[in-house]
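Colleague: Got a structure for you, written out below as C-alpha cells; questions coming shortly.
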Amino acid sequence: MGAEGTFILGDWGTSALRLWLVDADGFVLDRLQTTDGAGTLQGDAAGAVFSRVTQPWRAKHSPRIAILCGMVGRRGGWVEAPYLTPDRWSELPQHVAHLRLPDMDVRVVPGLRTRAADDVMRGEETQILGLTRHQPDFDGAICLPGTHTKWCQLAGGQIASFRTEMTGELFALLSRSSVLRDAVGPGFDDAAFDIATAEALNDPRAMGRLFGIRADWLLRDTDPAAGLSRLSGLLIGAEVARAIPDINGQNVALIGTGELTDKYARVLRFAGYDVQIQSGEEMAIAGLTSIANQMFELTDG
C-alpha cells in the first residue's frame, strides 16, 4: 500500500457500516460489520460510532489512517465530501475530505455526480474503481443492486454515464406500507418470480397490474410468498427492461452479494445476458486500496 503499518478501510452506507483492518500490502487482517448506517447519523454522532467500533483495533494495532467511502460523506454526515463529475473520476484521491481524531487521520472519498447534475452516487464509485483494478479491460454495463440501484456504463476505463433506480425503496414501501402489505409475506416462489419477470420484460403495461397481487390474495387465496415474489419480479423486471436499451448487447457485471444480487442476475440471464457477479466487499476493498496507494504516492511526491 506504499506505507508501513496498518490501516482501516470502510464502506459506510445508508444502513450498514463495513470496516476492514488491512496491513501495508492490503491484506485483510480483520473485518467487522454493524447496522450503524450513516443515513441516520448526523455530524459528530458518526464520529462517536466510528471511535467506539474501531477502539479494539486502535488499541491493539494503532492504525494511523482510515479511508472511508459511502454515505458517511453525505451532506449532514460526519463530513461532507465533494461530488466530482465522471471525467474527474481519477482525481478521487486528490479530493478526499479530511478529519482528525486524537490518534488517527480519517479520509472520506468523494462521490460522483452526472454532468447534468441530475444524479449522484456515493460508495459505488469506489466499487466500480475496484472492478477496473480486477479487470482493466472491462467495457460494458455495471449494475450495483441495492436500495437505490446504480446502472453504469464503463468505456475505455472511464465512467461514460450512470443513473439510479429506486426499485429497492419502492419494494420496501409497497410491501410494508401499501395496500399490498397483507398479500405479501416471507419466502420465495421461483415460478411466481419468473412469470412476473417475463411480464415486465415483455409488456410495459405490466406495472399497471400491481394491484392484481392483492386481488389474487383476496379472491384466490394466493400464498403471500408468491405475492412477494411477484412484486419483486415485476419491479426488478421493469427496471431491467428500462436498462436494456443502454446495455445494448454489452457485457454486464453485477457488483454485490446476497439474495438481491442473485435476483438481478436471474432477471438479466432470463433476458439473455451473460452476467458476471463480483463481490461488493472485494470490489470496495480493491477500490479503497487503489485510492490509498494513490494518496501515498501524492504524499511521497
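Residue names in the C-alpha cells use chain letters A, B, ... in the order shown, residue numbers from 1 in each chain, and ligand numbers from 1 in the order shown.
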Can you list every residue in region 17-72 of chain A that DSSP puts in helix (DSSP H, G or I), as a list in words?
Modeller: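 Everything in region 17-72 of chain A that counts as helix (DSSP H, G or I) is Ala38, Gly39, Thr40, Asp44, Ala45, Ala46, Gly47, Ala48, Val49, Phe50, Ser51, Arg52, Val53, Thr54, Gln55, Pro56, Trp57, Arg58, Ala59, Lys60, His61, Met71 and Val72 of chain A.
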Colleague: Which residues in region 44-186 of chain A does DSSP call strand (DSSP E or B)? List them as a PyMOL selection string.
Modeller: chain A and resi 65-70+83-84+97-101+104-108+111-113+120-121+140-144+149-155+158-165
Colleague: Compare A:Ile159, A:Leu29, A:Ala66, A:Leu99 by their minimum atom-to-atom distance to Phe138 (chain A), counting only C-alpha atoms, and give me the closest one.
Modeller: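 Result for the nearest residue to Phe138 (chain A): A:Ile159.
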Colleague: With only C-alpha atoms as the basis for distance, which of A:Ala215, A:Met207, A:Leu288, A:Ile247 is at the shortest distance from Gly272 (chain A)?
Modeller: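 Among the listed residues, the smallest separation from Gly272 (chain A) belongs to A:Ile247.
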Colleague: At a cut-off of 10 Å, using only C-alpha atoms, what residues contact Thr132 (chain A)? Leave out same-chain residues fewer than 2 positions from it and give the result as a PyMOL selection string.
Modeller: chain A and resi 126-130+134-139+154+157-158+283+286-287
Colleague: Could you write out that same residue set with N, CA, C and O atoms as a short mmCIF file (atom, residue, chain, number, x, y, z; two decimals), in the first residue's frame?
Modeller:
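What ended up in part-v5.cif:
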data_model
loop_
_atom_site.label_atom_id
_atom_site.label_comp_id
_atom_site.auth_asym_id
_atom_site.auth_seq_id
_atom_site.Cartn_x
_atom_site.Cartn_y
_atom_site.Cartn_z
N THR A 126 -16.35 3.80 -5.78
CA THR A 126 -15.18 3.09 -5.27
C THR A 126 -15.23 1.62 -5.65
O THR A 126 -14.21 1.02 -6.01
N GLN A 127 -16.42 1.01 -5.60
CA GLN A 127 -16.56 -0.38 -6.02
C GLN A 127 -16.30 -0.52 -7.52
O GLN A 127 -15.68 -1.50 -7.95
N ILE A 128 -16.77 0.42 -8.31
CA ILE A 128 -16.52 0.38 -9.75
C ILE A 128 -15.02 0.51 -10.02
O ILE A 128 -14.46 -0.18 -10.88
N LEU A 129 -14.36 1.39 -9.27
CA LEU A 129 -12.90 1.50 -9.38
C LEU A 129 -12.24 0.16 -9.07
O LEU A 129 -11.29 -0.25 -9.75
N GLY A 130 -12.75 -0.52 -8.05
CA GLY A 130 -12.22 -1.85 -7.72
C GLY A 130 -12.37 -2.83 -8.86
O GLY A 130 -11.46 -3.62 -9.14
N HIS A 134 -9.49 -5.08 -11.01
CA HIS A 134 -9.53 -6.52 -11.25
C HIS A 134 -9.58 -6.83 -12.74
O HIS A 134 -9.00 -7.83 -13.18
N GLN A 135 -10.29 -6.00 -13.50
CA GLN A 135 -10.46 -6.24 -14.93
C GLN A 135 -10.22 -4.93 -15.68
O GLN A 135 -11.18 -4.23 -16.05
N PRO A 136 -8.97 -4.58 -15.93
CA PRO A 136 -8.67 -3.29 -16.56
C PRO A 136 -9.29 -3.12 -17.94
O PRO A 136 -9.52 -1.99 -18.37
N ASP A 137 -9.58 -4.21 -18.62
CA ASP A 137 -10.10 -4.12 -19.99
C ASP A 137 -11.62 -4.22 -20.05
O ASP A 137 -12.19 -4.28 -21.15
N PHE A 138 -12.28 -4.20 -18.91
CA PHE A 138 -13.73 -4.37 -18.93
C PHE A 138 -14.41 -3.15 -19.55
O PHE A 138 -14.18 -2.01 -19.15
N ASP A 139 -15.25 -3.39 -20.54
CA ASP A 139 -16.14 -2.40 -21.12
C ASP A 139 -17.55 -2.98 -21.07
O ASP A 139 -17.75 -4.16 -21.41
N LEU A 154 -19.39 1.68 -18.57
CA LEU A 154 -17.94 1.83 -18.48
C LEU A 154 -17.34 1.63 -19.87
O LEU A 154 -17.60 0.62 -20.52
N GLY A 157 -12.13 2.31 -19.66
CA GLY A 157 -11.68 2.55 -18.30
C GLY A 157 -12.28 3.79 -17.66
O GLY A 157 -11.84 4.18 -16.57
N GLN A 158 -13.28 4.40 -18.30
CA GLN A 158 -13.90 5.61 -17.77
C GLN A 158 -15.41 5.39 -17.63
O GLN A 158 -16.02 4.66 -18.40
N MET A 283 -14.72 -5.69 -4.23
CA MET A 283 -14.56 -4.52 -5.08
C MET A 283 -14.35 -3.26 -4.25
O MET A 283 -13.57 -2.37 -4.64
N ALA A 286 -10.74 -3.38 -3.02
CA ALA A 286 -9.82 -3.10 -4.14
C ALA A 286 -9.83 -1.61 -4.50
O ALA A 286 -8.78 -1.01 -4.75
N GLY A 287 -11.02 -1.01 -4.52
CA GLY A 287 -11.12 0.41 -4.85
C GLY A 287 -10.49 1.29 -3.78
O GLY A 287 -9.76 2.24 -4.10
#
Colleague: Which residues, written as a PyMOL selection string, have at least one atom at most 12 Å from Met121 (chain A), with only C-alpha atoms counted and residues fewer than 6 positions away on the same chain left out?
Modeller: chain A and resi 13-14+69-71+73-74+81-86+89+109-114+127-128+144+148-152+161-165
Colleague: Can you work out the spacing between CA of Asp216 (chain A) and CA of Ser175 (chain A) in Å, to one decimal?
Modeller: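 The value is 15.2 Å.
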